[in-house]
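Note: the block below is structure.tsv and it holds TSV, C-alpha atoms.
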```tsv
chain	number	residue	atom	x	y	z
A	1	MET	CA	0.00	0.00	0.00
A	2	ARG	CA	1.36	3.41	-0.89
A	3	PHE	CA	0.03	6.95	-1.13
A	4	GLN	CA	0.35	9.36	-4.01
A	5	ASP	CA	-0.69	12.95	-4.65
A	6	ALA	CA	-3.78	13.24	-6.84
A	7	ALA	CA	-3.38	14.38	-10.44
A	8	ARG	CA	-3.58	18.16	-10.77
A	9	ASP	CA	-6.24	18.47	-13.45
A	10	GLY	CA	-8.18	21.68	-14.09
A	11	ARG	CA	-10.87	20.93	-11.56
A	12	ALA	CA	-8.31	20.10	-8.91
A	13	VAL	CA	-6.47	23.37	-9.51
A	14	VAL	CA	-9.67	25.39	-9.13
A	15	TYR	CA	-10.65	23.47	-6.01
A	16	ALA	CA	-7.17	23.89	-4.54
A	17	GLY	CA	-7.72	27.64	-4.78
A	18	ILE	CA	-10.88	27.29	-2.70
A	19	GLN	CA	-9.16	25.02	-0.19
A	20	ALA	CA	-6.46	27.66	0.22
A	21	ASP	CA	-8.92	30.51	0.74
A	22	PRO	CA	-8.30	32.06	4.19
A	23	LEU	CA	-12.06	32.05	4.84
A	24	VAL	CA	-12.08	28.25	4.68
A	25	ARG	CA	-9.29	28.03	7.25
A	26	ARG	CA	-10.90	30.64	9.50
A	27	VAL	CA	-14.34	29.00	9.57
A	28	ALA	CA	-12.91	25.50	9.94
A	29	ALA	CA	-10.73	26.63	12.85
A	30	LEU	CA	-13.79	28.12	14.56
A	31	LEU	CA	-15.78	24.94	13.99
A	32	ALA	CA	-12.98	22.84	15.43
A	33	GLU	CA	-13.55	24.62	18.75
A	34	ALA	CA	-17.33	24.75	18.42
A	35	SER	CA	-20.13	23.01	20.28
A	36	SER	CA	-22.64	20.88	18.39
A	37	ALA	CA	-25.13	23.76	18.57
A	38	GLN	CA	-22.63	26.14	16.99
A	39	ARG	CA	-21.97	23.59	14.26
A	40	VAL	CA	-25.71	23.37	13.57
A	41	LEU	CA	-25.74	27.17	13.30
A	42	ALA	CA	-22.98	27.03	10.69
A	43	ARG	CA	-24.78	24.32	8.76
A	44	ALA	CA	-28.06	26.25	8.75
A	45	VAL	CA	-26.55	29.60	7.73
A	46	MET	CA	-24.39	28.11	4.98
A	47	ASN	CA	-27.47	26.24	3.69
A	48	GLY	CA	-29.71	29.25	4.19
A	49	GLU	CA	-31.90	31.29	1.92
A	50	THR	CA	-31.47	34.57	3.75
A	51	THR	CA	-28.44	36.50	4.91
A	52	ASP	CA	-30.40	38.64	7.37
A	53	VAL	CA	-28.33	38.68	10.57
A	54	THR	CA	-31.20	39.51	12.91
A	55	GLY	CA	-33.20	36.56	11.66
A	56	TRP	CA	-30.37	34.13	12.39
A	57	LEU	CA	-29.80	35.65	15.81
A	58	ALA	CA	-33.46	35.08	16.63
A	59	MET	CA	-33.40	31.53	15.29
A	60	PHE	CA	-30.71	30.45	17.78
A	61	PRO	CA	-31.74	31.75	21.22
A	62	THR	CA	-29.55	29.18	22.98
A	63	LEU	CA	-26.52	30.80	21.34
A	64	PHE	CA	-27.54	34.47	21.09
A	65	GLY	CA	-30.39	34.97	23.57
A	66	PRO	CA	-30.23	37.44	26.45
A	67	SER	CA	-29.41	34.66	28.92
A	68	VAL	CA	-26.19	33.85	27.08
A	69	PRO	CA	-23.38	35.63	28.90
A	70	ALA	CA	-20.68	37.60	27.16
A	71	GLY	CA	-17.56	35.49	26.89
A	72	PRO	CA	-15.67	33.10	24.62
A	73	GLU	CA	-18.71	31.00	23.69
A	74	ARG	CA	-20.78	33.99	22.63
A	75	THR	CA	-17.78	35.46	20.79
A	76	ARG	CA	-17.31	32.18	18.94
A	77	SER	CA	-21.00	32.03	18.01
A	78	ASP	CA	-20.76	35.57	16.60
A	79	ALA	CA	-17.65	34.68	14.62
A	80	ILE	CA	-19.20	31.48	13.25
A	81	LEU	CA	-22.31	33.39	12.19
A	82	ALA	CA	-20.21	36.08	10.48
A	83	GLY	CA	-17.99	33.57	8.66
A	84	SER	CA	-20.95	31.42	7.62
A	85	LEU	CA	-22.76	34.47	6.24
A	86	GLU	CA	-19.69	35.37	4.18
A	87	ILE	CA	-19.95	31.96	2.56
A	88	ALA	CA	-23.73	32.08	2.20
A	89	GLN	CA	-23.45	35.37	0.32
A	90	ARG	CA	-21.56	33.70	-2.49
A	91	GLY	CA	-23.26	32.01	-5.42
A	92	GLU	CA	-24.75	28.56	-4.96
A	93	GLN	CA	-21.99	26.69	-6.78
A	94	VAL	CA	-19.19	28.54	-5.01
A	95	ARG	CA	-20.68	28.12	-1.59
A	96	SER	CA	-21.18	24.44	-2.22
A	97	GLN	CA	-17.45	24.14	-2.91
A	98	PHE	CA	-16.62	26.20	0.18
A	99	ARG	CA	-18.81	24.01	2.36
A	100	GLY	CA	-17.04	20.88	1.16
A	101	ALA	CA	-13.62	22.45	1.66
A	102	ILE	CA	-14.58	23.51	5.19
A	103	VAL	CA	-15.57	19.98	6.21
A	104	GLU	CA	-12.27	18.68	4.84
A	105	GLU	CA	-10.26	21.36	6.63
A	106	LEU	CA	-12.18	20.79	9.86
A	107	THR	CA	-11.48	17.07	9.60
A	108	ALA	CA	-7.77	17.73	9.04
A	109	ILE	CA	-7.58	20.10	12.03
A	110	LEU	CA	-9.30	17.64	14.37
A	111	LEU	CA	-7.22	14.68	13.20
A	112	ALA	CA	-3.99	16.66	13.61
A	113	ARG	CA	-4.74	17.09	17.31
A	114	ARG	CA	-4.37	13.33	17.67
A	115	THR	CA	-1.69	12.55	15.10
A	116	GLY	CA	0.29	15.77	14.66
A	117	ASP	CA	0.33	17.90	11.52
A	118	ALA	CA	3.06	15.93	9.78
A	119	ALA	CA	0.90	12.82	9.37
A	120	ILE	CA	-2.01	14.66	7.75
A	121	ARG	CA	-2.19	14.76	3.96
A	122	ARG	CA	-4.88	15.96	1.58
A	123	GLU	CA	-6.18	14.77	-1.80
A	124	ARG	CA	-4.23	11.52	-1.85
A	125	ARG	CA	-4.70	8.39	-3.89
A	126	ILE	CA	-3.98	5.02	-2.33
A	127	LEU	CA	-2.29	2.45	-4.52
A	128	PHE	CA	-2.14	-1.32	-4.07
A	129	ASP	CA	-0.09	-3.90	-5.90
A	130	GLY	CA	-2.04	-5.55	-8.69
A	131	VAL	CA	-5.11	-3.35	-8.20
A	132	ARG	CA	-6.19	-0.77	-10.73
A	133	ALA	CA	-5.77	2.63	-9.09
A	134	GLU	CA	-8.84	4.68	-8.26
A	135	ILE	CA	-8.71	8.09	-9.91
A	136	HIS	CA	-10.67	9.81	-7.19
A	137	PRO	CA	-8.44	10.85	-4.27
A	138	TYR	CA	-9.34	10.56	-0.60
A	139	ASP	CA	-10.04	13.93	0.99
A	140	VAL	CA	-7.84	13.48	4.05
A	141	THR	CA	-5.39	10.76	4.98
A	142	VAL	CA	-3.35	10.00	8.06
A	143	GLU	CA	-0.06	8.50	6.91
A	144	ARG	CA	1.98	6.89	9.66
A	145	ASP	CA	3.78	3.57	9.79
A	146	GLY	CA	1.32	0.93	10.89
A	147	ALA	CA	-1.47	3.43	11.59
A	148	THR	CA	-2.92	4.69	8.36
A	149	GLU	CA	-6.37	6.21	7.98
A	150	ALA	CA	-8.39	7.47	5.01
A	151	TYR	CA	-11.33	9.88	5.15
A	152	ASP	CA	-13.86	11.21	2.74
A	153	CYS	CA	-15.89	14.21	3.81
A	154	LYS	CA	-19.45	15.26	3.01
A	155	TRP	CA	-21.43	18.37	3.84
A	156	GLY	CA	-24.73	16.54	4.18
A	157	ALA	CA	-26.17	13.08	4.68
A	158	ARG	CA	-27.33	13.10	1.07
A	159	GLY	CA	-23.67	12.88	0.10
A	160	ILE	CA	-23.54	9.34	1.45
A	161	ASN	CA	-23.76	7.09	-1.58
A	162	ASP	CA	-22.67	3.70	-2.84
A	163	ASP	CA	-19.73	5.12	-4.80
A	164	VAL	CA	-18.06	6.71	-1.80
A	165	LEU	CA	-18.82	3.73	0.42
A	166	HIS	CA	-17.35	1.33	-2.15
A	167	GLN	CA	-14.28	3.47	-2.49
A	168	LEU	CA	-13.61	3.49	1.23
A	169	ASP	CA	-14.36	-0.21	1.70
A	170	ASP	CA	-12.27	-1.19	-1.31
A	171	ALA	CA	-9.27	0.63	0.13
A	172	ARG	CA	-9.74	-1.02	3.49
A	173	SER	CA	-10.08	-4.51	2.01
A	174	HIS	CA	-7.17	-4.10	-0.41
A	175	ALA	CA	-5.02	-2.98	2.50
A	176	ALA	CA	-6.10	-6.08	4.41
A	177	ASP	CA	-5.11	-8.21	1.42
A	178	GLU	CA	-1.62	-6.77	1.87
A	179	GLU	CA	-1.83	-7.48	5.60
A	180	GLU	CA	-1.95	-3.77	6.35
A	181	VAL	CA	-4.51	-2.03	8.54
A	182	LEU	CA	-6.18	0.96	6.92
A	183	ARG	CA	-8.97	2.53	8.96
A	184	VAL	CA	-11.56	4.27	6.83
A	185	ALA	CA	-14.30	6.73	7.70
A	186	LEU	CA	-16.81	9.07	6.17
A	187	VAL	CA	-17.11	12.43	7.93
A	188	VAL	CA	-20.55	13.99	7.46
A	189	PHE	CA	-21.40	17.51	8.64
A	190	ASP	CA	-24.97	16.48	9.34
A	191	ALA	CA	-27.02	14.87	12.08
A	192	GLU	CA	-26.51	11.21	12.93
A	193	ARG	CA	-30.23	10.57	12.49
A	194	SER	CA	-30.10	11.76	8.88
A	195	CYS	CA	-26.90	9.80	8.23
A	196	ASP	CA	-28.55	6.62	9.55
A	197	VAL	CA	-31.53	7.08	7.24
A	198	ARG	CA	-29.28	7.64	4.24
A	199	LEU	CA	-26.95	4.78	5.10
A	200	ALA	CA	-29.85	2.34	5.42
A	201	ARG	CA	-30.62	2.90	1.74
A	202	GLN	CA	-27.12	2.04	0.48
A	203	TYR	CA	-26.11	-1.34	-0.90
A	204	ALA	CA	-22.34	-0.91	-0.78
A	205	PRO	CA	-20.52	-2.69	2.04
A	206	HIS	CA	-19.95	-0.35	4.94
A	207	ASP	CA	-19.55	-2.47	8.05
A	208	GLY	CA	-15.86	-1.61	8.10
A	209	THR	CA	-16.41	2.10	7.47
A	210	ALA	CA	-16.98	4.45	10.38
A	211	ILE	CA	-19.52	7.22	9.91
A	212	VAL	CA	-18.60	10.36	11.83
A	213	PRO	CA	-21.66	12.65	12.04
A	214	LEU	CA	-21.80	16.25	13.22
A	215	GLU	CA	-22.48	15.29	16.85
A	216	SER	CA	-19.35	13.12	17.01
A	217	LEU	CA	-16.79	15.19	15.15
A	218	ASP	CA	-14.64	15.69	18.23
A	219	ARG	CA	-14.01	11.95	18.28
A	220	LEU	CA	-11.64	12.47	15.37
A	221	ALA	CA	-9.24	14.16	17.76
A	222	GLU	CA	-9.48	11.38	20.32
A	223	VAL	CA	-9.44	7.92	18.72
A	224	ALA	CA	-8.92	6.31	15.35
A	225	PRO	CA	-12.21	5.30	13.72
B	1	MET	CA	-55.51	33.72	24.15
B	2	SER	CA	-54.16	30.42	25.49
B	3	PRO	CA	-50.52	30.28	26.59
B	4	ALA	CA	-48.01	29.10	24.02
B	5	THR	CA	-46.92	25.49	24.51
B	6	VAL	CA	-44.19	23.24	23.23
B	7	ALA	CA	-46.85	20.97	21.72
B	8	ALA	CA	-48.37	23.85	19.75
B	9	ALA	CA	-44.94	24.85	18.48
B	10	ILE	CA	-44.28	21.29	17.36
B	11	ASP	CA	-47.62	21.25	15.54
B	12	ARG	CA	-46.44	24.28	13.56
B	13	VAL	CA	-43.07	22.64	12.95
B	14	LEU	CA	-44.67	19.46	11.60
B	15	SER	CA	-47.06	21.37	9.38
B	16	ALA	CA	-44.21	23.34	7.81
B	17	TYR	CA	-42.12	20.19	7.60
B	18	ALA	CA	-44.88	18.45	5.63
B	19	GLU	CA	-44.74	21.21	3.01
B	20	LEU	CA	-40.97	20.97	2.85
B	21	THR	CA	-41.27	17.21	2.37
B	22	GLU	CA	-43.65	17.72	-0.54
B	23	LEU	CA	-41.14	20.03	-2.19
B	24	GLY	CA	-38.33	17.53	-1.69
B	25	GLU	CA	-40.47	14.77	-3.21
B	26	GLU	CA	-40.20	16.56	-6.56
B	27	ILE	CA	-36.77	14.92	-6.92
B	28	GLU	CA	-38.10	11.55	-8.03
B	29	ASP	CA	-34.83	9.66	-7.46
B	30	GLU	CA	-34.88	10.76	-3.84
B	31	TRP	CA	-38.59	10.18	-3.14
B	32	SER	CA	-38.03	7.24	-0.79
B	33	TYR	CA	-35.12	8.89	0.99
B	34	VAL	CA	-37.12	12.08	1.43
B	35	ASN	CA	-39.99	10.19	3.02
B	36	ASP	CA	-37.76	8.02	5.20
B	37	LEU	CA	-35.92	11.11	6.37
B	38	SER	CA	-39.14	12.95	7.03
B	39	SER	CA	-40.55	10.01	9.01
B	40	ALA	CA	-37.42	9.70	11.11
B	41	TRP	CA	-37.50	13.34	12.17
B	42	ARG	CA	-41.27	13.35	12.69
B	43	GLU	CA	-40.85	10.48	15.11
B	44	ARG	CA	-38.26	12.51	17.03
B	45	PHE	CA	-40.62	15.49	17.27
B	46	GLU	CA	-43.48	13.25	18.40
B	47	VAL	CA	-41.32	11.95	21.24
B	48	VAL	CA	-40.50	15.52	22.27
B	49	ALA	CA	-44.18	16.52	22.07
B	50	VAL	CA	-45.29	13.61	24.27
B	51	SER	CA	-42.55	14.35	26.76
B	52	ALA	CA	-43.42	18.05	26.91
B	53	GLY	CA	-47.15	17.48	27.39
B	54	VAL	CA	-48.80	20.85	27.93
B	55	ALA	CA	-45.61	22.55	29.08
B	56	GLY	CA	-45.29	26.18	28.19
B	57	ILE	CA	-42.64	27.36	25.78
B	58	ASP	CA	-40.11	30.11	26.32
B	59	PRO	CA	-41.09	33.11	24.12
B	60	ALA	CA	-37.62	33.25	22.57
B	61	ALA	CA	-37.85	29.58	21.62
B	62	ASP	CA	-41.33	30.12	20.19
B	63	ALA	CA	-40.06	33.04	18.11
B	64	ALA	CA	-37.08	30.98	16.98
B	65	ILE	CA	-39.41	28.26	15.73
B	66	ASP	CA	-41.40	30.82	13.74
B	67	ARG	CA	-38.19	32.25	12.30
B	68	ALA	CA	-37.03	28.79	11.23
B	69	ILE	CA	-40.42	28.15	9.63
B	70	ASP	CA	-40.08	31.46	7.75
B	71	GLU	CA	-36.69	30.34	6.51
B	72	ILE	CA	-37.93	27.08	5.01
B	73	ALA	CA	-40.99	28.80	3.56
B	74	ARG	CA	-38.60	30.74	1.30
B	75	ILE	CA	-37.22	27.58	-0.29
B	76	THR	CA	-38.31	26.88	-3.85
B	77	ASP	CA	-35.57	24.54	-5.00
B	78	PRO	CA	-36.36	20.89	-4.19
B	79	HIS	CA	-32.68	20.03	-3.78
B	80	ARG	CA	-32.36	22.78	-1.20
B	81	ALA	CA	-35.52	21.43	0.41
B	82	ILE	CA	-33.83	18.05	0.89
B	83	ASP	CA	-30.89	19.77	2.61
B	84	TRP	CA	-33.33	21.47	4.95
B	85	LEU	CA	-35.28	18.29	5.67
B	86	SER	CA	-32.28	17.47	7.81
B	87	THR	CA	-31.25	20.99	8.86
B	88	PHE	CA	-34.64	22.34	9.92
B	89	PRO	CA	-35.33	19.67	12.56
B	90	GLN	CA	-31.89	20.22	14.07
B	91	VAL	CA	-32.55	23.97	14.31
B	92	ALA	CA	-36.04	23.53	15.75
B	93	LEU	CA	-34.95	20.94	18.31
B	94	LEU	CA	-32.09	23.18	19.39
B	95	ALA	CA	-34.54	26.04	19.91
B	96	LEU	CA	-36.62	23.73	22.10
B	97	GLY	CA	-33.55	22.80	24.12
B	98	GLU	CA	-33.59	19.26	22.75
B	99	THR	CA	-30.91	17.20	21.05
B	100	ALA	CA	-31.22	15.81	17.55
```
Any chance you could put this one into structure tokens?
Amino acid sequence: MRFQDAARDGRAVVYAGIQADPLVRRVAALLAEASSAQRVLARAVMNGETTDVTGWLAMFPTLFGPSVPAGPERTRSDAILAGSLEIAQRGEQVRSQFRGAIVEELTAILLARRTGDAAIRRERRILFDGVRAEIHPYDVTVERDGATEAYDCKWGARGINDDVLHQLDDARSHAADEEEVLRVALVVFDAERSCDVRLARQYAPHDGTAIVPLESLDRLAEVAP
Amino acid sequence: MSPATVAAAIDRVLSAYAELTELGEEIEDEWSYVNDLSSAWRERFEVVAVSAGVAGIDPAADAAIDRAIDEIARITDPHRAIDWLSTFPQVALLALGETA
């Protein structure tokens, strides 16, 4: 089993520009510190129809209501709202790309807390002897001797599909064929309940694939999937 | 005028959610998923409603529910509706002080 940078085609170059946008890093860093409620706020605003600040403030009284004291939590909620609105104000296609890049960056930040920055790589293919290489790269990988991990990331539960599940399970099983352990997971910035509903409709094997929903994101920083 | 209750707020949530579900159903390939998703979240709200009984609702939470309903009422794109079939319940439950 070996890892390789993904081919830099036109789409990848454009997407790399989005991944490198400081707004992606800023919002992902905020979400890495956030509570589940603050992550739901980000999801709603970045999915939202309106960019009216007062409306969003009213929609989340547990984050912005008068009983919420001034302090780091309130400051973070304000910053998440502001950053999410910056993304929501972009066109639909652009904000869709930003949302995906944010989930990937958030995943990388959380994983690095457990593994260190040096082990974290992005957009990597995984190659196996005698197996035709998949073109599609994995969003985030952890590359360490004897402790490798591969992650794909989705903004919403609807992104769970047979293709991505096959891709992750194939990598895991090919690694096992080479007597290597490759842990695989799908990170989904959506509620576990929605992920469960979506997953139940998929035919691809996924018993060996961990699903990491919005409520459990902090687990990435604690244990391998 | 009777006092606002959690149960009444959930009634409004479920009514709005039914309309959102209808919009999402326009994506034929996702019809089953849309209905499974809708059923799963409805069940969660029904549990919360039973648990709350006739309990009153905090005015800020009641207003938050209305604001969330306004937000989904603006949606015209069925793909966006499917996104919100998951997002809206999370927002509404949070307003009610409940977990997803």
Could you list, as an MDAnalysis selection string, every residue of chain A that has an atom within 9 Å of an atom of chain B, counting only C-alpha atoms? chainID A and resid 37 40:41 43:44 47:50 55:62 65 156:158 190:194 197:198 201 215
Just-selected residues, C-alpha atoms written as a compact mmCIF listing (two decimals), in the coordinates of the input:
```txt
# COMPACT_ATOMS: atom_id res chain seq x y z
CA ALA A 37 -25.13 23.76 18.57
CA VAL A 40 -25.71 23.37 13.57
CA LEU A 41 -25.74 27.17 13.30
CA ARG A 43 -24.78 24.32 8.76
CA ALA A 44 -28.06 26.25 8.75
CA ASN A 47 -27.47 26.24 3.69
CA GLY A 48 -29.71 29.25 4.19
CA GLU A 49 -31.90 31.29 1.92
CA THR A 50 -31.47 34.57 3.75
CA GLY A 55 -33.20 36.56 11.66
CA TRP A 56 -30.37 34.13 12.39
CA LEU A 57 -29.80 35.65 15.81
CA ALA A 58 -33.46 35.08 16.63
CA MET A 59 -33.40 31.53 15.29
CA PHE A 60 -30.71 30.45 17.78
CA PRO A 61 -31.74 31.75 21.22
CA THR A 62 -29.55 29.18 22.98
CA GLY A 65 -30.39 34.97 23.57
CA GLY A 156 -24.73 16.54 4.18
CA ALA A 157 -26.17 13.08 4.68
CA ARG A 158 -27.33 13.10 1.07
CA ASP A 190 -24.97 16.48 9.34
CA ALA A 191 -27.02 14.87 12.08
CA GLU A 192 -26.51 11.21 12.93
CA ARG A 193 -30.23 10.57 12.49
CA SER A 194 -30.10 11.76 8.88
CA VAL A 197 -31.53 7.08 7.24
CA ARG A 198 -29.28 7.64 4.24
CA ARG A 201 -30.62 2.90 1.74
CA GLU A 215 -22.48 15.29 16.85
```
Separation of CA of Thr141 in chain A from CA of Gly83 in chain A, in Å and rounded to one decimal: 26.3 Å
Using all atoms listed in the file, the shortest atom-to-atom distance to Glu28 in chain B among B:Gly56, B:Ala4, B:Pro78, B:Leu93 belongs to B:Pro78
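Across the structure, CA of Arg76 in chain A and CA of Gly159 in chain A are spaced 27.7 Å apart.
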If you count only C-alpha atoms, the residue of B:Asp77, B:Glu22, B:Glu46, B:Asp29 closest to Ala9 in chain B turns out to be B:Glu46
Write out as a ChimeraX atom specification each polymer residue whose atoms come within 9 Å of Ile10 in chain B, counting all atoms listed in the file; drop sequence neighbours fewer than 3 positions from it. /B:5-7,13-15,45-46,48-49,65,92
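Ranking A:Ala176, A:Ala82, A:Ala12, A:Val103 by their shortest atom-to-atom distance to Phe128 in chain A, with all atoms listed in the file included, puts A:Ala176 first.
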